[in-house]
>>> print(open('query_37.cif').read())   # mmCIF, N, CA and C atoms
data_query
loop_
_atom_site.label_atom_id
_atom_site.label_comp_id
_atom_site.auth_asym_id
_atom_site.auth_seq_id
_atom_site.Cartn_x
_atom_site.Cartn_y
_atom_site.Cartn_z
N MET A 264 21.56 -16.85 -7.04
CA MET A 264 21.04 -15.53 -7.31
C MET A 264 21.89 -14.43 -6.69
N LYS A 265 22.43 -14.69 -5.50
CA LYS A 265 23.20 -13.63 -4.82
C LYS A 265 24.37 -13.17 -5.67
N LYS A 266 25.09 -14.10 -6.29
CA LYS A 266 26.24 -13.72 -7.11
C LYS A 266 25.80 -12.89 -8.31
N THR A 267 24.67 -13.22 -8.90
CA THR A 267 24.16 -12.44 -10.02
C THR A 267 23.73 -11.06 -9.56
N MET A 268 23.03 -10.98 -8.43
CA MET A 268 22.51 -9.69 -7.95
C MET A 268 23.63 -8.73 -7.57
N PHE A 269 24.76 -9.26 -7.09
CA PHE A 269 25.85 -8.39 -6.65
C PHE A 269 26.90 -8.17 -7.73
N ASP A 270 26.73 -8.76 -8.88
CA ASP A 270 27.61 -8.52 -10.01
C ASP A 270 27.12 -7.24 -10.71
N PRO A 271 28.00 -6.30 -11.07
CA PRO A 271 27.55 -5.05 -11.68
C PRO A 271 26.68 -5.27 -12.92
N GLU A 272 27.11 -6.12 -13.82
CA GLU A 272 26.31 -6.35 -15.03
C GLU A 272 25.04 -7.13 -14.69
N GLY A 273 25.17 -8.17 -13.88
CA GLY A 273 24.01 -8.97 -13.51
C GLY A 273 22.95 -8.16 -12.79
N GLY A 274 23.38 -7.33 -11.84
CA GLY A 274 22.44 -6.49 -11.11
C GLY A 274 21.74 -5.49 -12.00
N ALA A 275 22.50 -4.89 -12.93
CA ALA A 275 21.90 -3.91 -13.85
C ALA A 275 20.90 -4.58 -14.79
N LEU A 276 21.26 -5.74 -15.32
CA LEU A 276 20.35 -6.45 -16.22
C LEU A 276 19.09 -6.91 -15.48
N LEU A 277 19.27 -7.39 -14.26
CA LEU A 277 18.13 -7.81 -13.47
C LEU A 277 17.19 -6.63 -13.19
N ALA A 278 17.75 -5.47 -12.87
CA ALA A 278 16.93 -4.28 -12.63
C ALA A 278 16.17 -3.89 -13.90
N ASP A 279 16.81 -3.99 -15.06
CA ASP A 279 16.13 -3.69 -16.33
C ASP A 279 14.95 -4.62 -16.56
N ILE A 280 15.18 -5.92 -16.35
CA ILE A 280 14.13 -6.91 -16.58
C ILE A 280 12.97 -6.70 -15.61
N LEU A 281 13.29 -6.45 -14.35
CA LEU A 281 12.23 -6.25 -13.36
C LEU A 281 11.46 -4.97 -13.61
N LEU A 282 12.16 -3.90 -13.98
CA LEU A 282 11.46 -2.65 -14.28
C LEU A 282 10.50 -2.85 -15.44
N ASP A 283 10.93 -3.59 -16.44
CA ASP A 283 10.05 -3.89 -17.57
C ASP A 283 8.84 -4.70 -17.12
N ALA A 284 9.03 -5.60 -16.16
CA ALA A 284 7.94 -6.46 -15.68
C ALA A 284 6.89 -5.69 -14.89
N ILE A 285 7.25 -4.54 -14.32
CA ILE A 285 6.30 -3.80 -13.49
C ILE A 285 5.89 -2.45 -14.09
N LYS A 286 6.40 -2.13 -15.27
CA LYS A 286 6.17 -0.79 -15.81
C LYS A 286 4.71 -0.46 -16.06
N GLY A 287 3.89 -1.45 -16.31
CA GLY A 287 2.47 -1.18 -16.55
C GLY A 287 1.63 -1.11 -15.29
N GLU A 288 2.24 -1.26 -14.15
CA GLU A 288 1.51 -1.28 -12.88
C GLU A 288 1.46 0.12 -12.27
N ASP A 289 0.42 0.37 -11.52
CA ASP A 289 0.26 1.64 -10.82
C ASP A 289 0.92 1.53 -9.44
N VAL A 290 2.21 1.19 -9.44
CA VAL A 290 2.95 0.92 -8.22
C VAL A 290 3.60 2.19 -7.68
N GLU A 291 3.60 2.32 -6.37
CA GLU A 291 4.23 3.46 -5.72
C GLU A 291 5.51 3.06 -5.00
N TYR A 292 5.54 1.83 -4.46
CA TYR A 292 6.68 1.34 -3.69
C TYR A 292 6.95 -0.11 -4.03
N ILE A 293 8.22 -0.48 -3.95
CA ILE A 293 8.61 -1.88 -4.08
C ILE A 293 9.32 -2.30 -2.81
N GLY A 294 9.16 -3.55 -2.46
CA GLY A 294 9.81 -4.02 -1.25
C GLY A 294 9.88 -5.52 -1.21
N GLY A 295 10.38 -6.02 -0.09
CA GLY A 295 10.48 -7.46 0.10
C GLY A 295 11.16 -7.77 1.41
N MET A 296 11.32 -9.07 1.66
CA MET A 296 11.93 -9.53 2.90
C MET A 296 13.44 -9.39 2.86
N GLU A 297 14.00 -9.05 4.05
CA GLU A 297 15.45 -9.12 4.14
C GLU A 297 15.85 -10.58 3.99
N THR A 298 16.92 -10.95 3.56
CA THR A 298 17.98 -10.22 2.91
C THR A 298 17.90 -10.34 1.40
N GLY A 299 17.18 -11.35 0.93
CA GLY A 299 17.14 -11.62 -0.50
C GLY A 299 16.62 -10.48 -1.36
N ALA A 300 15.64 -9.74 -0.85
CA ALA A 300 15.05 -8.68 -1.65
C ALA A 300 15.84 -7.37 -1.60
N ILE A 301 16.69 -7.20 -0.61
CA ILE A 301 17.36 -5.90 -0.43
C ILE A 301 18.17 -5.48 -1.66
N PRO A 302 19.05 -6.31 -2.22
CA PRO A 302 19.78 -5.85 -3.40
C PRO A 302 18.88 -5.63 -4.61
N ILE A 303 17.81 -6.41 -4.72
CA ILE A 303 16.88 -6.24 -5.84
C ILE A 303 16.16 -4.91 -5.71
N VAL A 304 15.66 -4.62 -4.52
CA VAL A 304 14.94 -3.37 -4.29
C VAL A 304 15.86 -2.18 -4.54
N GLY A 305 17.09 -2.23 -4.03
CA GLY A 305 18.04 -1.13 -4.23
C GLY A 305 18.34 -0.90 -5.71
N ALA A 306 18.60 -1.97 -6.43
CA ALA A 306 18.91 -1.84 -7.87
C ALA A 306 17.70 -1.33 -8.64
N LEU A 307 16.53 -1.82 -8.30
CA LEU A 307 15.32 -1.42 -9.01
C LEU A 307 14.96 0.04 -8.73
N CYS A 308 15.11 0.47 -7.49
CA CYS A 308 14.87 1.89 -7.16
C CYS A 308 15.82 2.78 -7.95
N ALA A 309 17.10 2.43 -7.96
CA ALA A 309 18.08 3.23 -8.69
C ALA A 309 17.77 3.24 -10.19
N ARG A 310 17.41 2.10 -10.74
CA ARG A 310 17.13 2.00 -12.17
C ARG A 310 15.87 2.76 -12.56
N SER A 311 14.93 2.89 -11.64
CA SER A 311 13.67 3.58 -11.96
C SER A 311 13.86 5.09 -12.16
N TRP A 312 14.95 5.61 -11.66
CA TRP A 312 15.26 7.04 -11.78
C TRP A 312 15.85 7.32 -13.14
N PRO A 313 15.58 8.37 -13.84
CA PRO A 313 14.60 9.41 -13.54
C PRO A 313 13.26 9.20 -14.23
N GLU A 314 13.15 8.16 -15.08
CA GLU A 314 11.92 7.99 -15.87
C GLU A 314 10.66 7.85 -15.01
N ARG A 315 10.73 6.99 -14.02
CA ARG A 315 9.56 6.73 -13.18
C ARG A 315 10.03 6.29 -11.80
N PRO A 316 10.43 7.23 -10.98
CA PRO A 316 11.00 6.89 -9.67
C PRO A 316 10.04 6.07 -8.81
N ILE A 317 10.55 4.94 -8.33
CA ILE A 317 9.80 4.08 -7.42
C ILE A 317 10.65 3.93 -6.15
N LYS A 318 10.05 4.23 -5.03
CA LYS A 318 10.75 4.14 -3.75
C LYS A 318 10.67 2.72 -3.20
N GLY A 319 11.58 2.40 -2.29
CA GLY A 319 11.65 1.03 -1.80
C GLY A 319 11.74 0.89 -0.30
N PHE A 320 11.49 -0.33 0.14
CA PHE A 320 11.56 -0.68 1.55
C PHE A 320 11.88 -2.17 1.67
N PHE A 321 12.21 -2.56 2.88
CA PHE A 321 12.34 -3.99 3.16
C PHE A 321 11.71 -4.30 4.51
N VAL A 322 11.39 -5.56 4.68
CA VAL A 322 10.75 -6.02 5.90
C VAL A 322 11.75 -6.89 6.66
N ARG A 323 11.96 -6.54 7.91
CA ARG A 323 12.85 -7.33 8.77
C ARG A 323 12.12 -8.60 9.24
N LYS A 324 12.89 -9.64 9.45
CA LYS A 324 12.32 -10.88 9.96
C LYS A 324 11.83 -10.70 11.39
N GLU A 325 12.50 -9.84 12.13
CA GLU A 325 12.06 -9.51 13.49
C GLU A 325 12.50 -8.10 13.82
N ASN A 326 11.91 -7.54 14.85
CA ASN A 326 12.27 -6.18 15.25
C ASN A 326 13.74 -6.11 15.65
N LYS A 327 14.36 -4.94 15.39
CA LYS A 327 15.78 -4.75 15.71
C LYS A 327 16.05 -4.71 17.21
N GLY A 328 15.12 -4.14 17.96
CA GLY A 328 15.34 -4.00 19.40
C GLY A 328 15.95 -2.66 19.76
N HIS A 329 16.22 -1.81 18.77
CA HIS A 329 16.73 -0.46 19.04
C HIS A 329 16.34 0.46 17.89
N GLY A 330 16.68 1.73 18.00
CA GLY A 330 16.29 2.70 16.96
C GLY A 330 14.78 2.81 16.89
N THR A 331 14.23 2.80 15.69
CA THR A 331 12.76 2.89 15.55
C THR A 331 12.09 1.58 15.90
N ASP A 332 12.85 0.48 15.92
CA ASP A 332 12.36 -0.84 16.31
C ASP A 332 11.14 -1.27 15.50
N GLN A 333 11.15 -0.95 14.22
CA GLN A 333 10.04 -1.33 13.35
C GLN A 333 10.46 -2.44 12.41
N ARG A 334 9.49 -3.20 11.96
CA ARG A 334 9.77 -4.30 11.03
C ARG A 334 10.00 -3.79 9.61
N ILE A 335 9.35 -2.68 9.24
CA ILE A 335 9.51 -2.12 7.90
C ILE A 335 10.54 -1.01 7.95
N ASP A 336 11.54 -1.09 7.06
CA ASP A 336 12.60 -0.09 7.00
C ASP A 336 12.73 0.41 5.57
N GLY A 337 13.17 1.64 5.42
CA GLY A 337 13.28 2.26 4.10
C GLY A 337 12.18 3.27 3.93
N LEU A 338 11.63 3.33 2.74
CA LEU A 338 10.59 4.31 2.43
C LEU A 338 9.28 3.60 2.11
N LEU A 339 8.26 3.85 2.92
CA LEU A 339 6.93 3.31 2.66
C LEU A 339 5.91 4.17 3.39
N GLU A 340 4.91 4.64 2.65
CA GLU A 340 3.83 5.42 3.25
C GLU A 340 2.62 4.51 3.44
N ARG A 341 1.91 4.75 4.52
CA ARG A 341 0.69 3.98 4.78
C ARG A 341 -0.28 4.10 3.61
N GLY A 342 -0.94 2.98 3.31
CA GLY A 342 -1.98 3.00 2.28
C GLY A 342 -1.47 2.99 0.85
N SER A 343 -0.21 2.72 0.64
CA SER A 343 0.38 2.76 -0.70
C SER A 343 0.10 1.50 -1.50
N LYS A 344 0.33 1.61 -2.81
CA LYS A 344 0.25 0.47 -3.72
C LYS A 344 1.65 -0.10 -3.86
N VAL A 345 1.77 -1.40 -3.56
CA VAL A 345 3.07 -2.03 -3.40
C VAL A 345 3.21 -3.26 -4.30
N ILE A 346 4.43 -3.44 -4.81
CA ILE A 346 4.82 -4.70 -5.43
C ILE A 346 5.96 -5.26 -4.59
N LEU A 347 5.85 -6.53 -4.25
CA LEU A 347 6.90 -7.19 -3.48
C LEU A 347 7.74 -8.05 -4.41
N VAL A 348 9.05 -8.05 -4.16
CA VAL A 348 9.98 -8.82 -4.99
C VAL A 348 10.72 -9.83 -4.12
N GLU A 349 11.15 -10.89 -4.78
CA GLU A 349 11.91 -11.92 -4.09
C GLU A 349 12.92 -12.50 -5.07
N ASP A 350 14.07 -12.90 -4.56
CA ASP A 350 15.08 -13.47 -5.44
C ASP A 350 14.69 -14.87 -5.89
N VAL A 351 14.45 -15.77 -4.94
CA VAL A 351 14.08 -17.14 -5.25
C VAL A 351 12.86 -17.50 -4.41
N THR A 352 11.84 -18.07 -5.05
CA THR A 352 10.61 -18.43 -4.36
C THR A 352 10.46 -19.94 -4.34
N THR A 353 10.17 -20.47 -3.17
CA THR A 353 9.93 -21.90 -3.03
C THR A 353 8.43 -22.10 -2.79
N THR A 354 7.99 -21.92 -1.56
CA THR A 354 6.56 -22.03 -1.26
C THR A 354 5.89 -20.66 -1.15
N GLY A 355 6.70 -19.61 -1.06
CA GLY A 355 6.16 -18.26 -0.90
C GLY A 355 5.99 -17.83 0.54
N GLY A 356 6.34 -18.70 1.48
CA GLY A 356 6.16 -18.39 2.89
C GLY A 356 6.92 -17.17 3.36
N SER A 357 8.12 -17.00 2.87
CA SER A 357 8.94 -15.85 3.28
C SER A 357 8.31 -14.53 2.84
N VAL A 358 7.96 -14.44 1.59
CA VAL A 358 7.40 -13.18 1.09
C VAL A 358 6.00 -12.94 1.65
N MET A 359 5.31 -14.00 2.08
CA MET A 359 4.00 -13.80 2.71
C MET A 359 4.14 -13.03 4.02
N ARG A 360 5.29 -13.15 4.68
CA ARG A 360 5.51 -12.33 5.89
C ARG A 360 5.60 -10.86 5.51
N ALA A 361 6.21 -10.57 4.36
CA ALA A 361 6.26 -9.18 3.88
C ALA A 361 4.86 -8.70 3.49
N VAL A 362 4.07 -9.59 2.89
CA VAL A 362 2.68 -9.26 2.55
C VAL A 362 1.93 -8.85 3.82
N GLU A 363 2.05 -9.66 4.86
CA GLU A 363 1.35 -9.38 6.13
C GLU A 363 1.76 -8.04 6.71
N GLN A 364 3.07 -7.76 6.72
CA GLN A 364 3.55 -6.50 7.30
C GLN A 364 3.07 -5.31 6.48
N ALA A 365 3.13 -5.42 5.15
CA ALA A 365 2.67 -4.31 4.31
C ALA A 365 1.17 -4.09 4.46
N ARG A 366 0.42 -5.15 4.57
CA ARG A 366 -1.03 -5.02 4.78
C ARG A 366 -1.34 -4.39 6.13
N GLN A 367 -0.55 -4.72 7.15
CA GLN A 367 -0.74 -4.08 8.46
C GLN A 367 -0.48 -2.58 8.37
N PHE A 368 0.30 -2.19 7.38
CA PHE A 368 0.61 -0.78 7.13
C PHE A 368 -0.47 -0.16 6.23
N GLY A 369 -1.50 -0.92 5.91
CA GLY A 369 -2.61 -0.42 5.10
C GLY A 369 -2.34 -0.41 3.61
N CYS A 370 -1.31 -1.11 3.19
CA CYS A 370 -0.92 -1.11 1.77
C CYS A 370 -1.71 -2.15 0.97
N THR A 371 -1.85 -1.86 -0.31
CA THR A 371 -2.44 -2.78 -1.27
C THR A 371 -1.31 -3.50 -1.99
N ILE A 372 -1.33 -4.82 -1.99
CA ILE A 372 -0.32 -5.60 -2.68
C ILE A 372 -0.80 -5.84 -4.10
N LEU A 373 -0.13 -5.22 -5.06
CA LEU A 373 -0.51 -5.39 -6.46
C LEU A 373 -0.11 -6.76 -6.98
N LYS A 374 1.08 -7.20 -6.61
CA LYS A 374 1.55 -8.53 -6.99
C LYS A 374 2.88 -8.81 -6.34
N VAL A 375 3.30 -10.06 -6.44
CA VAL A 375 4.62 -10.50 -6.01
C VAL A 375 5.36 -10.92 -7.26
N VAL A 376 6.61 -10.45 -7.40
CA VAL A 376 7.44 -10.84 -8.54
C VAL A 376 8.69 -11.52 -8.00
N SER A 377 8.92 -12.73 -8.48
CA SER A 377 10.11 -13.48 -8.09
C SER A 377 11.04 -13.59 -9.29
N VAL A 378 12.32 -13.54 -9.02
CA VAL A 378 13.28 -13.72 -10.12
C VAL A 378 13.24 -15.17 -10.58
N VAL A 379 13.34 -16.10 -9.63
CA VAL A 379 13.32 -17.53 -9.96
C VAL A 379 12.29 -18.24 -9.08
N ASP A 380 11.38 -18.96 -9.71
CA ASP A 380 10.41 -19.77 -9.00
C ASP A 380 10.89 -21.22 -9.04
N ARG A 381 11.04 -21.82 -7.88
CA ARG A 381 11.48 -23.22 -7.81
C ARG A 381 10.35 -24.21 -8.13
N LEU A 382 9.14 -23.68 -8.36
CA LEU A 382 7.98 -24.51 -8.69
C LEU A 382 7.67 -25.53 -7.60
N GLU A 383 7.72 -25.05 -6.36
CA GLU A 383 7.43 -25.92 -5.21
C GLU A 383 6.21 -25.42 -4.43
N GLY A 384 5.27 -24.78 -5.13
CA GLY A 384 4.01 -24.41 -4.51
C GLY A 384 3.72 -22.94 -4.34
N ALA A 385 4.67 -22.07 -4.62
CA ALA A 385 4.44 -20.63 -4.41
C ALA A 385 3.26 -20.13 -5.22
N GLY A 386 3.21 -20.47 -6.49
CA GLY A 386 2.12 -19.99 -7.35
C GLY A 386 0.75 -20.36 -6.79
N GLU A 387 0.61 -21.61 -6.39
CA GLU A 387 -0.66 -22.07 -5.83
C GLU A 387 -0.97 -21.37 -4.52
N ASN A 388 0.04 -21.20 -3.67
CA ASN A 388 -0.18 -20.54 -2.38
C ASN A 388 -0.58 -19.08 -2.55
N PHE A 389 0.03 -18.38 -3.49
CA PHE A 389 -0.35 -16.99 -3.73
C PHE A 389 -1.77 -16.90 -4.30
N ARG A 390 -2.10 -17.80 -5.24
CA ARG A 390 -3.47 -17.80 -5.79
C ARG A 390 -4.49 -18.03 -4.67
N ALA A 391 -4.21 -18.97 -3.78
CA ALA A 391 -5.12 -19.25 -2.67
C ALA A 391 -5.28 -18.03 -1.76
N ALA A 392 -4.23 -17.21 -1.67
CA ALA A 392 -4.28 -16.00 -0.84
C ALA A 392 -4.81 -14.79 -1.61
N GLY A 393 -5.15 -14.99 -2.90
CA GLY A 393 -5.67 -13.89 -3.70
C GLY A 393 -4.63 -12.89 -4.13
N ILE A 394 -3.39 -13.33 -4.28
CA ILE A 394 -2.29 -12.44 -4.65
C ILE A 394 -1.77 -12.83 -6.03
N LYS A 395 -1.66 -11.86 -6.90
CA LYS A 395 -1.10 -12.10 -8.23
C LYS A 395 0.39 -12.41 -8.09
N PHE A 396 0.87 -13.40 -8.84
CA PHE A 396 2.26 -13.83 -8.74
C PHE A 396 2.85 -14.01 -10.13
N GLU A 397 4.06 -13.51 -10.29
CA GLU A 397 4.80 -13.68 -11.54
C GLU A 397 6.24 -14.05 -11.20
N SER A 398 6.84 -14.83 -12.07
CA SER A 398 8.28 -15.07 -11.93
C SER A 398 8.93 -14.82 -13.28
N LEU A 399 10.15 -14.30 -13.23
CA LEU A 399 10.89 -14.04 -14.46
C LEU A 399 11.37 -15.35 -15.06
N PHE A 400 11.78 -16.28 -14.19
CA PHE A 400 12.31 -17.57 -14.62
C PHE A 400 11.82 -18.64 -13.66
N THR A 401 11.94 -19.89 -14.07
CA THR A 401 11.76 -21.02 -13.17
C THR A 401 13.08 -21.78 -13.15
N TRP A 402 13.21 -22.70 -12.21
CA TRP A 402 14.45 -23.47 -12.11
C TRP A 402 14.71 -24.24 -13.39
N ARG A 403 13.66 -24.55 -14.14
CA ARG A 403 13.82 -25.30 -15.39
C ARG A 403 14.61 -24.51 -16.44
N ASP A 404 14.56 -23.19 -16.34
CA ASP A 404 15.29 -22.35 -17.31
C ASP A 404 16.80 -22.48 -17.14
N PHE A 405 17.25 -23.06 -16.04
CA PHE A 405 18.68 -23.13 -15.74
C PHE A 405 19.22 -24.55 -15.76
N ARG A 406 18.46 -25.48 -16.27
CA ARG A 406 18.92 -26.86 -16.32
C ARG A 406 19.94 -27.07 -17.40
#
>>> encode(input="query_37.cif", output="structure tokens")
Amino acid sequence: MKKTMFDPEGGALLADILLDAIKGEDVEYIGGMETGAIPIVGALCARSWPERPIKGFFVRKENKGHGTDQRIDGLLERGSKVILVEDVTTTGGSVMRAVEQARQFGCTILKVVSVVDRLEGAGENFRAAGIKFESLFTWRDFR
């Protein structure tokens, strides 16, 4: 996924597909865990302009230890409606850390969107947590 996300054409196409996947949602911010979500969030924020600007953020795995020393970086207002994105989802454990941080910020998680689902339990884990989950592709699409 990293090579696709950092390729000019691949990144642009991915942003188009993701924007289409969330266009019907009442989303205010998009975000995800460092590092996998950062290029996706950046491309999607840029692509959302000017039709429907959506601001973005990312969640650090741990505090930086300097500066604002916060886990959430970028643009996010308390109490916002959020969609979280991930490049590749296995069990969903990584993005669940982003869910926890956004919820601590008072945000509502509308859904999690993954580019590729490895079909190793993420869907079931999100359902058990009451979180809507979608993936653009599964690993089977690339066999």
>>> resolve_selection(input="query_37.cif", expression="the PyMOL selection byres ((chain A and resi 296) around 6.5)", output="VMD selection string")
chain A and resid 294 to 295 297 to 301 321 to 323 348 to 349 357 to 358 361
>>> residues_around(input="query_37.cif", residues="segment 367-370 of chain A", least_positions_apart="6", cutoff="8 Å", atoms="only N, CA and C atoms", output="ChimeraX atom specification")
/A:340-345,361
>>> atom_distance(input="query_37.cif", atom1="atom C of Gly337 of chain A", atom2="atom C of Arg310 of chain A")
16.9 Å
>>> closest_residue(input="query_37.cif", among="A:Asp279, A:Asp350, A:Asp404, A:Glu314", to="Ser377 of chain A", atoms="all atoms listed in the file")
A:Asp350
>>> closest_residue(input="query_37.cif", among="A:Ile335, A:Leu399, A:Met359, A:Leu373", to="Val290 of chain A", atoms="all atoms listed in the file")
A:Leu373
>>> atom_distance(input="query_37.cif", atom1="atom CA of Phe320 of chain A", atom2="atom CA of Asp289 of chain A")
16.9 Å
>>> atom_distance(input="query_37.cif", atom1="atom N of Ser398 of chain A", atom2="atom C of Glu325 of chain A")
27.3 Å
>>> select_by_dssp(input="query_37.cif", residues="chain A", states="helix (DSSP H, G or I)", output="VMD selection string")
chain A and resid 265 to 269 271 to 285 300 to 311 356 to 367 385 to 391 402 to 405
>>> resolve_selection(input="query_37.cif", expression="the PyMOL selection byres ((chain A and resi 317) around 8)", output="list in words")
Val290, Glu291, Tyr292, Ile293, Leu307, Cys308, Ala309, Arg310, Ser311, Trp312, Pro313, Glu314, Arg315, Pro316, Lys318, Gly319 and Phe320 of chain A
>>> closest_residue(input="query_37.cif", among="A:Gln333, A:Gln364, A:Thr354, A:Thr371", to="Arg390 of chain A", atoms="only C-alpha atoms")
A:Thr354
